[in-house]
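J.: The structure is given below, and queries will be raised subsequently.
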Amino acid sequence: MMVNKTTWSILGIFLILPFVMLTSGVSWKSQQIFMLMASSIIVAVSLKNVWLRSFVVYLFGWTIYLFLRSLINPDIPFDVTPQKGMSILLFVLAGVIIVKFVSMSKLEDEKFYHVIRIAVVLQIIISVSQYLGFYPWDWALSFFMVTGQSTADIGPFIGTLGNRDILGCFIGISLPLFLSWKEVKPYQNNLIKALIATVFIVLLFSPSPGTVAALIGVGVYYLNKNWKYALIAIIAALSYLIVYTLNTYYIDIISAPSQFHNLINSGYVDPQSANDGRLWKWMMAFSQIIKSPETLIFGSGPGAFWGRKYPLHNEYIQCWFELGLVGLVLMLGYVISTLKYLYKSKNMILLSSFAITCIDAGANYTMHIATTAFLVCIIAGLIERNKLTEDK
């Protein structure tokens, strides 16, 4: 008699229970740990997408290993603690729940798009206001508490998202949703065109990897609609990439060859380098990835410290560093299979939006910020729902 996945997951949870009961004092309280682990594995096996399901199960296994290691060697101060593993698992679990919720929702795609558009317009209004010297969010909060005036020290447009990289990513992912927006009345479409122009202007004045990714995404969106528009968008993206890279990362590029030479010859990158740009971050992480077969294949562990407190500004290298080739393959498997599905289904809105996310993730920390991660999970949920609808 075949035992279904739910039965196996419940059986696995009860097999883990004795170990969880013994971890009192290791991290938090054992009952809280058990509930988090139990929910993560149950949600994981309920996912239809085999890549997402495998990724969560693999992360779950890493977390179990961290607890058992601390249990067996309670006096050894490990760098990657059970708390770190559980924090990463909890963040991923929250994202999976969002994906699951959206994939089961009966709300039309266009309604989700409207909500995202409203959120982006609000960020644009706040950003432009900041550029003009007025901080609406601080003004609103001043009625309830004492606040200090914010300063846009990273760039003229940041909204409430912290810096221009995150704002650029947030607007960039949503750009195809604006391009696809059509209404019945002519004056409404004229307003939409003006709004799209405003979105482009704010995006271009928020120079970031998200801006480059968005321009490429526009090319993807028009791929089957208007090849001239697609070509113009790709040329604009490449031009913007060259100007943005030279202007922002000139010193980083100049110092990269010597750092790369040291990495190749000695496997070492100076952790105290005065230049800690993106290329240095990636080489620093790679030097730790290749230090042993174990870290290469399985990674250093969820939440591992790579040398700085902030993320690596590259989700693929971050995944490789923390979860090894196993985690990276599962991540890339999901990305590639999803892009292939969207291209075959000719859903250019979700394809271009998802492509922007994947490109931006190559030079940003899209999935480490709740705002952008939440938006990506909604897009992923809509994609999964479309798959489920076609399978019926």
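Residues in the structure tokens are numbered from 1 in each chain, the chains being A, B, ... in the order shown, and ligands are numbered from 1 in the order shown.
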Quick one: residues within 8 Å of Leu93 (chain A), only C-alpha atoms, excluding same-chain residues fewer than 5 positions away - as an mmCIF file with all heavy atoms, in the first residue's frame?
T.:
```cif
data_model
loop_
_atom_site.group_PDB
_atom_site.id
_atom_site.type_symbol
_atom_site.label_atom_id
_atom_site.label_comp_id
_atom_site.auth_asym_id
_atom_site.auth_seq_id
_atom_site.Cartn_x
_atom_site.Cartn_y
_atom_site.Cartn_z
ATOM 1 N N SER A 40 7.261 23.904 8.873
ATOM 2 C CA SER A 40 8.079 24.072 7.673
ATOM 3 C C SER A 40 8.039 22.831 6.797
ATOM 4 O O SER A 40 7.897 22.925 5.571
ATOM 5 C CB SER A 40 9.529 24.409 8.044
ATOM 6 O OG SER A 40 10.155 23.316 8.684
ATOM 7 N N VAL A 43 4.433 22.418 5.196
ATOM 8 C CA VAL A 43 4.234 23.361 4.089
ATOM 9 C C VAL A 43 5.060 22.933 2.883
ATOM 10 O O VAL A 43 4.603 22.989 1.742
ATOM 11 C CB VAL A 43 4.606 24.798 4.514
ATOM 12 C CG1 VAL A 43 4.641 25.719 3.305
ATOM 13 C CG2 VAL A 43 3.611 25.321 5.532
ATOM 14 N N VAL A 56 13.163 23.778 0.297
ATOM 15 C CA VAL A 56 12.737 23.929 1.692
ATOM 16 C C VAL A 56 13.123 22.695 2.506
ATOM 17 O O VAL A 56 13.578 22.806 3.650
ATOM 18 C CB VAL A 56 11.216 24.187 1.781
ATOM 19 C CG1 VAL A 56 10.780 24.270 3.238
ATOM 20 C CG2 VAL A 56 10.859 25.480 1.065
#
```
J.: Determine, using only C-alpha atoms, which residues of region 44-77 of chain A have any atom at most 8 Å from an atom of region 316-338 of chain A, and tabulate each with its shortest atom pair and distance in Å to one decimal place, rows ordered by chain and then rising number, as a tab-separated table.
T.:
```
residue	atom	partner	partner_atom	distance
A:Trp51	CA	A:Tyr334	CA	5.2
A:Leu52	CA	A:Tyr334	CA	6.7
A:Ser54	CA	A:Leu330	CA	7.1
A:Phe55	CA	A:Leu330	CA	5.9
A:Tyr58	CA	A:Gly327	CA	7.5
A:Leu59	CA	A:Leu323	CA	7.8
```
J.: I'd like the contact shell of Ser352 (chain A) - 8 Å cut-off, only C-alpha atoms, skipping same-chain residues fewer than 3 positions apart - returned as an MDAnalysis selection string.
T.: chainID A and resid 176 217:218 220:221 348:349 355:356
J.: So that I can check the surroundings of Arg53 (chain A), please list as JSON, numbers by chain every protein, DNA and RNA residue that reaches within 7 Å of it, counting only C-alpha atoms and ignoring chain neighbours fewer than 6 positions away.
T.: {"A": [44, 45, 47]}
J.: Can you pull out the residues contacting region 195-198 of chain A? Cut-off 9 Å, using only C-alpha atoms, and skip same-chain residues under 5 positions away; I want them as a PDB file with N, CA and C atoms, in the first residue's frame.
T.:
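Listed below is the output, part.pdb:
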```
ATOM      1  N   VAL A 121       3.225  53.471  -6.957  1.00  0.00           N
ATOM      2  CA  VAL A 121       2.889  54.895  -7.105  1.00  0.00           C
ATOM      3  C   VAL A 121       3.114  55.640  -5.791  1.00  0.00           C
ATOM      4  N   ILE A 124       6.734  56.264  -5.388  1.00  0.00           N
ATOM      5  CA  ILE A 124       7.170  57.323  -6.304  1.00  0.00           C
ATOM      6  C   ILE A 124       6.804  58.701  -5.756  1.00  0.00           C
ATOM      7  N   LEU A 175       7.456  47.098 -13.320  1.00  0.00           N
ATOM      8  CA  LEU A 175       7.350  47.843 -14.573  1.00  0.00           C
ATOM      9  C   LEU A 175       6.491  47.141 -15.628  1.00  0.00           C
ATOM     10  N   PHE A 178       2.825  47.855 -15.324  1.00  0.00           N
ATOM     11  CA  PHE A 178       2.377  49.155 -15.832  1.00  0.00           C
ATOM     12  C   PHE A 178       2.266  49.136 -17.355  1.00  0.00           C
ATOM     13  N   LEU A 179       3.228  48.485 -18.009  1.00  0.00           N
ATOM     14  CA  LEU A 179       3.217  48.431 -19.470  1.00  0.00           C
ATOM     15  C   LEU A 179       1.990  47.687 -20.006  1.00  0.00           C
ATOM     16  N   ASN A 190      -4.480  57.698 -21.439  1.00  0.00           N
ATOM     17  CA  ASN A 190      -3.533  58.811 -21.492  1.00  0.00           C
ATOM     18  C   ASN A 190      -2.890  59.050 -20.127  1.00  0.00           C
ATOM     19  N   LEU A 203      12.746  55.639 -12.118  1.00  0.00           N
ATOM     20  CA  LEU A 203      13.604  54.454 -12.205  1.00  0.00           C
ATOM     21  C   LEU A 203      14.997  54.833 -12.705  1.00  0.00           C
TER      22      LEU A 203
END
```
J.: Using only C-alpha atoms, pick whichever of A:Met37, A:Ile297, A:Met283, A:Val80 has the shortest atom-to-atom distance to Phe260 (chain A).
T.: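 Residue with the minimum atom-to-atom distance to Phe260 (chain A): A:Met283.
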J.: Would you work out the distance separating CA of Ile264 (chain A) from CA of Thr366 (chain A), expressed in Å to one decimal?
T.: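 So the answer is 28.9 Å.
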J.: With only C-alpha atoms as the counted atoms, please give the residues lying no more than 7 Å from Gln123 (chain A), apart from itself and same-chain residues fewer than 3 positions off, as a list in words.
T.: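 In the requested form, the answer reads Ala119, Val120, Ile126, Ser127, Gly159 and Thr160 of chain A.
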J.: Using only C-alpha atoms, which of A:His114, A:Pro302, A:Ile383, A:Thr372 sits nearest Tyr341 (chain A)?
T.: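 The answer is A:Ile383, which sits nearest to Tyr341 (chain A).
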J.: So which bits of region 6-238 of chain A end up helix (DSSP H, G or I) when you DSSP the backbone, as a VMD selection string?
T.: chain A and resid 6 to 21 30 to 46 50 to 72 82 to 104 109 to 131 136 to 141 164 to 179 186 to 204 209 to 221 227 to 238
